[in-house]
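Text of target.txt, listed as compact mmCIF, C-alpha atoms:
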# COMPACT_ATOMS: atom_id res chain seq x y z
CA ALA A 552 0.00 0.00 0.00
CA PRO A 553 1.06 3.64 -0.28
CA VAL A 554 3.12 5.07 2.58
CA LEU A 555 2.04 8.18 4.51
CA GLY A 556 4.70 10.76 5.19
CA GLN A 557 2.62 13.21 7.20
CA ASN A 558 -0.84 14.77 7.30
CA LEU A 559 -1.95 18.05 8.84
CA THR A 560 -4.58 20.78 8.94
CA SER A 561 -4.01 24.54 8.91
CA ALA A 562 -6.06 24.91 12.11
CA THR A 563 -7.78 22.88 14.80
CA SER A 564 -10.62 25.39 15.17
CA ILE A 565 -12.12 27.49 12.41
CA ALA A 566 -14.91 30.02 11.92
CA PRO A 567 -17.66 29.43 9.36
CA GLY A 568 -16.82 31.04 6.04
CA SER A 569 -13.07 30.70 6.60
CA THR A 570 -10.90 28.35 4.54
CA LEU A 571 -9.37 25.28 6.13
CA TYR A 572 -6.38 23.68 4.39
CA VAL A 573 -5.79 19.94 4.79
CA SER A 574 -2.81 18.09 3.32
CA ALA A 575 -1.10 14.72 3.29
CA ASN A 576 2.12 13.35 1.82
CA PHE A 577 2.06 9.91 0.17
CA SER A 578 4.47 7.73 -1.78
CA ASP A 579 4.30 4.26 -3.25
CA ALA A 580 7.50 2.37 -3.94
CA THR A 581 6.24 0.01 -6.66
CA THR A 582 3.43 1.40 -8.83
CA GLY A 583 3.03 4.94 -7.53
CA VAL A 584 -0.04 6.68 -6.11
CA GLN A 585 -3.03 6.74 -8.46
CA ASN A 586 -5.88 8.50 -6.61
CA VAL A 587 -6.19 10.45 -3.37
CA TYR A 588 -9.52 11.00 -1.63
CA PHE A 589 -10.44 13.76 0.81
CA ILE A 590 -12.82 12.23 3.35
CA LEU A 591 -15.13 14.33 5.54
CA ASN A 592 -17.11 12.57 8.27
CA GLY A 593 -16.74 9.23 6.49
CA ALA A 594 -17.77 10.36 3.01
CA VAL A 595 -15.68 11.34 0.00
CA ASN A 596 -15.71 15.11 -0.32
CA GLN A 597 -13.07 15.64 -3.02
CA THR A 598 -10.85 13.50 -5.25
CA ASN A 599 -7.37 14.20 -6.60
CA THR A 600 -6.53 12.04 -9.64
CA THR A 601 -3.02 13.43 -10.15
CA SER A 602 -0.86 10.32 -10.01
CA SER A 603 2.72 10.11 -8.73
CA SER A 604 5.61 8.04 -9.99
CA PRO A 605 6.88 5.06 -8.00
CA GLY A 606 9.03 6.05 -5.06
CA ILE A 607 8.20 9.78 -5.33
CA ALA A 608 6.70 11.40 -2.23
CA THR A 609 3.96 13.84 -3.24
CA ASN A 610 1.95 16.40 -1.27
CA TYR A 611 -1.81 16.37 -1.80
CA ASN A 612 -3.61 19.53 -0.71
CA PHE A 613 -7.31 20.12 -0.16
CA SER A 614 -9.35 23.03 1.14
CA TYR A 615 -12.72 23.18 2.85
CA VAL A 616 -14.98 26.06 3.90
CA PRO A 617 -17.39 25.21 6.74
CA SER A 618 -20.84 26.78 6.85
CA ALA A 619 -22.69 28.51 9.66
CA SER A 620 -24.87 25.41 10.07
CA GLN A 621 -21.78 23.50 11.24
CA ILE A 622 -21.02 25.76 14.22
CA GLY A 623 -20.38 23.59 17.26
CA GLN A 624 -19.56 20.49 15.21
CA THR A 625 -16.30 18.59 15.11
CA LEU A 626 -15.30 17.78 11.55
CA ASN A 627 -13.47 14.48 11.01
CA PHE A 628 -11.03 14.43 8.11
CA THR A 629 -8.84 11.71 6.59
CA ILE A 630 -7.01 11.60 3.29
CA ASN A 631 -6.95 8.20 1.63
CA ALA A 632 -4.57 7.07 -1.12
CA THR A 633 -4.71 4.12 -3.52
CA ASP A 634 -1.96 2.82 -5.77
CA PHE A 635 -2.32 1.44 -9.30
CA VAL A 636 -3.17 -2.07 -8.12
CA GLY A 637 -5.80 -1.01 -5.61
CA ASN A 638 -3.84 -1.07 -2.36
CA LYS A 639 -5.23 1.56 0.03
CA LEU A 640 -3.96 3.61 2.94
CA ALA A 641 -5.83 6.13 5.09
CA SER A 642 -4.12 8.97 6.89
CA SER A 643 -4.52 9.40 10.61
CA LEU A 644 -7.71 11.14 11.76
CA MET A 645 -7.67 14.96 11.76
CA GLN A 646 -10.35 16.76 13.77
CA VAL A 647 -11.31 20.40 13.44
CA THR A 648 -13.95 22.25 15.46
CA VAL A 649 -16.19 24.82 13.79
CA SER A 650 -16.54 27.76 16.15
CA ASP A 651 -17.94 31.25 15.69
CA ASN A 652 -15.27 33.76 16.68
CA ILE A 653 -16.53 36.69 14.61
CA ALA A 654 -18.31 39.54 16.40
CA PRO A 655 -21.44 41.21 15.01
CA ASN A 656 -20.90 43.98 12.48
CA LEU A 657 -22.18 47.31 13.76
CA VAL A 658 -22.81 50.55 11.84
CA PHE A 659 -24.22 53.84 13.15
CA VAL A 660 -27.25 55.33 11.39
CA SER A 661 -28.18 58.33 13.51
CA PRO A 662 -27.73 60.72 15.16
CA VAL A 663 -24.58 62.10 13.59
CA ASP A 664 -21.51 62.67 15.69
CA ASN A 665 -21.60 65.93 17.69
CA TYR A 666 -25.37 66.06 17.40
CA ASN A 667 -27.14 68.95 19.17
CA SER A 668 -30.50 68.25 20.81
CA SER A 669 -32.99 70.65 22.40
CA VAL A 670 -34.75 67.76 24.17
CA THR A 671 -33.38 65.55 26.92
CA ASN A 672 -34.62 62.25 25.41
CA PHE A 673 -34.06 61.10 21.85
CA THR A 674 -33.71 57.95 19.75
CA VAL A 675 -30.53 56.44 18.33
CA PHE A 676 -30.49 54.11 15.31
CA PHE A 677 -27.87 51.55 14.31
CA ASN A 678 -27.49 48.62 11.90
CA VAL A 679 -26.38 45.16 13.05
CA THR A 680 -25.58 41.92 11.27
CA ASP A 681 -23.70 38.74 12.16
CA ASN A 682 -21.93 36.13 10.07
CA SER A 683 -23.96 33.26 11.53
CA ALA A 684 -26.07 34.14 14.58
CA THR A 685 -29.80 34.76 14.28
CA THR A 686 -29.93 36.38 17.71
CA VAL A 687 -27.88 39.35 18.86
CA TYR A 688 -27.95 41.50 21.97
CA CYS A 689 -27.02 45.17 22.08
CA ASN A 690 -26.83 47.95 24.60
CA VAL A 691 -26.38 51.69 24.35
CA THR A 692 -23.90 53.16 26.83
CA VAL A 693 -23.94 56.86 27.63
CA ASP A 694 -21.28 58.50 29.78
CA GLY A 695 -20.06 55.07 30.87
CA GLN A 696 -23.47 53.79 31.98
CA VAL A 697 -25.70 51.33 30.12
CA ASN A 698 -28.83 53.28 29.22
CA SER A 699 -30.79 50.93 26.98
CA THR A 700 -30.69 47.26 25.97
CA VAL A 701 -31.91 45.88 22.64
CA ASN A 702 -32.46 42.13 22.19
CA SER A 703 -33.14 40.78 18.71
CA THR A 704 -34.36 37.34 17.74
CA THR A 705 -35.12 38.14 14.11
CA ILE A 706 -31.73 39.02 12.68
CA VAL A 707 -30.82 37.47 9.32
CA SER A 708 -27.23 36.29 8.99
CA SER A 709 -25.07 38.66 6.91
CA VAL A 710 -28.00 41.06 6.32
CA PHE A 711 -28.05 44.43 8.09
CA THR A 712 -31.07 45.06 10.32
CA THR A 713 -31.82 48.49 11.79
CA TYR A 714 -32.53 48.82 15.49
CA ASN A 715 -33.30 51.80 17.68
CA ALA A 716 -33.18 52.71 21.34
CA THR A 717 -34.58 55.72 23.16
CA ILE A 718 -32.10 57.19 25.61
CA GLY A 719 -32.29 59.87 28.26
CA PRO A 720 -33.16 62.07 29.98
CA TYR A 721 -29.84 63.93 30.10
CA ALA A 722 -28.80 67.22 31.59
CA ASP A 723 -27.62 70.08 29.44
CA GLY A 724 -24.06 69.66 28.28
CA SER A 725 -21.88 67.28 26.27
CA HIS A 726 -22.34 63.50 26.49
CA GLN A 727 -20.49 60.51 25.03
CA TRP A 728 -22.22 57.36 23.75
CA ASN A 729 -21.48 54.07 22.03
CA VAL A 730 -23.15 50.77 21.17
CA SER A 731 -22.01 47.23 22.05
CA CYS A 732 -23.46 44.12 20.40
CA TRP A 733 -22.72 40.47 21.06
CA ASP A 734 -23.91 37.18 19.59
CA THR A 735 -24.88 33.88 21.16
CA THR A 736 -21.25 32.76 21.36
CA SER A 737 -20.24 35.92 23.26
CA ASN A 738 -18.32 37.62 20.45
CA VAL A 739 -18.53 41.33 21.27
CA ASN A 740 -18.18 44.40 19.07
CA THR A 741 -18.10 47.83 20.72
CA SER A 742 -18.42 50.81 18.43
CA THR A 743 -16.32 53.92 18.48
CA SER A 744 -17.72 56.71 20.63
CA ARG A 745 -19.87 59.56 19.40
CA PHE A 746 -20.85 62.76 21.15
CA PHE A 747 -24.05 64.73 21.54
CA LYS A 748 -25.02 67.92 23.34
CA VAL A 749 -28.26 68.63 25.15
CA ASP A 750 -29.18 72.31 25.16
CA THR A 751 -32.58 73.22 26.59
CA VAL A 752 -31.66 76.80 27.50
CA ALA A 753 -32.26 79.56 24.97
CA PRO A 754 -29.52 82.05 24.10
CA VAL A 755 -28.97 84.86 26.58
CA LEU A 756 -29.45 88.49 25.56
CA GLY A 757 -26.71 90.81 26.70
CA GLN A 758 -28.10 94.06 25.36
CA ASN A 759 -29.90 95.52 22.40
CA LEU A 760 -30.04 99.09 21.17
CA THR A 761 -30.67 101.35 18.23
CA SER A 762 -28.50 104.09 16.85
CA ALA A 763 -31.32 106.60 17.33
CA THR A 764 -34.76 106.95 18.82
CA SER A 765 -35.92 109.25 16.02
CA ILE A 766 -34.78 109.24 12.41
CA ALA A 767 -35.54 111.10 9.22
CA PRO A 768 -36.75 109.37 6.07
CA GLY A 769 -33.86 108.16 3.88
CA SER A 770 -31.48 107.94 6.80
CA THR A 771 -29.97 104.68 8.02
CA LEU A 772 -30.97 103.26 11.38
CA TYR A 773 -28.64 100.76 13.04
CA VAL A 774 -30.03 98.14 15.43
CA TYR A 775 -27.78 95.96 17.58
CA SER A 776 -28.21 92.95 19.86
CA ASN A 777 -25.69 90.92 21.86
CA PHE A 778 -26.35 87.18 22.41
CA SER A 779 -24.50 84.27 23.96
CA ASP A 780 -25.24 80.58 24.46
CA ALA A 781 -23.37 78.54 27.06
CA THR A 782 -23.81 75.06 25.57
CA THR A 783 -24.02 74.89 21.78
CA GLY A 784 -23.47 78.53 20.78
CA VAL A 785 -25.67 80.84 18.74
CA GLN A 786 -26.42 79.45 15.28
CA THR A 787 -28.80 81.88 13.59
CA VAL A 788 -29.95 85.42 14.37
So, in terms of structure tokens, how does the structure I just supplied come out?
Amino acid sequence: APVLGQNLTSATSIAPGSTLYVSANFSDATTGVQNVYFILNGAVNQTNTTSSSPGIATNYNFSYVPSASQIGQTLNFTINATDFVGNKLASSLMQVTVSDNIAPNLVFVSPVDNYNSSVTNFTVFFNVTDNSATTVYCNVTVDGQVNSTVNSTTIVSSVFTTYNATIGPYADGSHQWNVSCWDTTSNVNTSTSRFFKVDTVAPVLGQNLTSATSIAPGSTLYVYSNFSDATTGVQTV
């Protein structure tokens, strides 16, 4: 029968959608190696019909991409070789676990960074997807404290779904917020931080005056006002 030099996998644990490489080295002293079979869980998955000459050790390489439906499974691989007269040899068993180690993908929708609000409560929107999970959990953290939690059981793998959370109330001033989402295998993605300002106080009038209290037709009257705003500044006058 053919002789096995070595067999190996590129990993012992792999995420769905990633490529696993599996290889074995065979030689046959008399007739050479005719066919090599890649066996997954007892069934032929791929066949390599590139033959080798007698006495020549040859590497046979295969690749496999597990799916999300295989998360939690242990995949059993062997590579089997036959020579030109039908003698067979199977490699030693190679086992690889399919595990989800990819965190949900998270994208802000609104509000924009440095958003100014005249109310103390408002709603934030964000998009979430995951490579395999159909359930994700998210929370909105403001000024270091979890303000709102969003649980989803309707997410579609690899398709963005929009979620929202109402946060507040917050005092006037600047506040920092972010979103964290995690899937059912505890892979966590925490967004970058954004800022918003709450400003419920109108601008303050310093003074206002006119250049005259009586003016002739055709003459120019000048009118002045002085305003300030402590939180967001004066935008339009």
- Task: Write out as a ChimeraX atom specification which residues come within 9 Å of segment 669-686 of chain A when counting only C-alpha atoms, dropping same-chain ones fewer than 3 positions away.
- Result: /A:567-568,618-620,622,651,653-662,691,702-723,730,732-736,748-752
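Atom pair atom CA of Phe628 of chain A / atom CA of Thr582 of chain A: separated by 25.8 Å.
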- By how many Å are atom CA of Val785 of chain A and atom CA of Phe747 of chain A apart?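 Interatomic distance, atom CA of Val785 of chain A to atom CA of Phe747 of chain A: 16.4 Å.
With only C-alpha atoms taken into account, the protein and nucleic acid residues at most 9 Å from Leu591 of chain A (excluding it and anything under 6 positions from it in its own chain) are Gln597, Leu626, Asn627, Phe628, Thr629 and Ile630 of chain A.
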- Figure out the distance between atom CA of Ser650 of chain A and atom CA of Ser614 of chain A, please, to one decimal in Å.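 A separation of 17.3 Å between them.
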- Counting all atoms listed in the file, which of A:Thr692, A:Thr600, A:Ser668, A:Thr783 gets nearest to Phe635 of chain A? A:Thr600
- Among the residues A:Leu640, A:Ala552, A:Cys689, A:Val587, the one that comes closest to Thr741 of chain A [using all atoms listed in the file]: A:Cys689
- Message: I need every residue sitting at most 10 Å from the point (10.1, 4.5, -4.7) (coordinates as in the file, only C-alpha atoms considered), written as an NGL selection string.
- Response: :A and (578-583 or 604-608)
- What's the 12 Å shell around segment 767-780 of chain A, counting only C-alpha atoms, without same-chain residues fewer than 5 positions away, as number ranges by chain? A: 723-724, 750-762, 785-788
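Here the question is which of A:Gln727, A:Asn740, A:Thr563, A:Val595 gets nearest to Gln646 of chain A using all atoms listed in the file, and that residue is A:Thr563.
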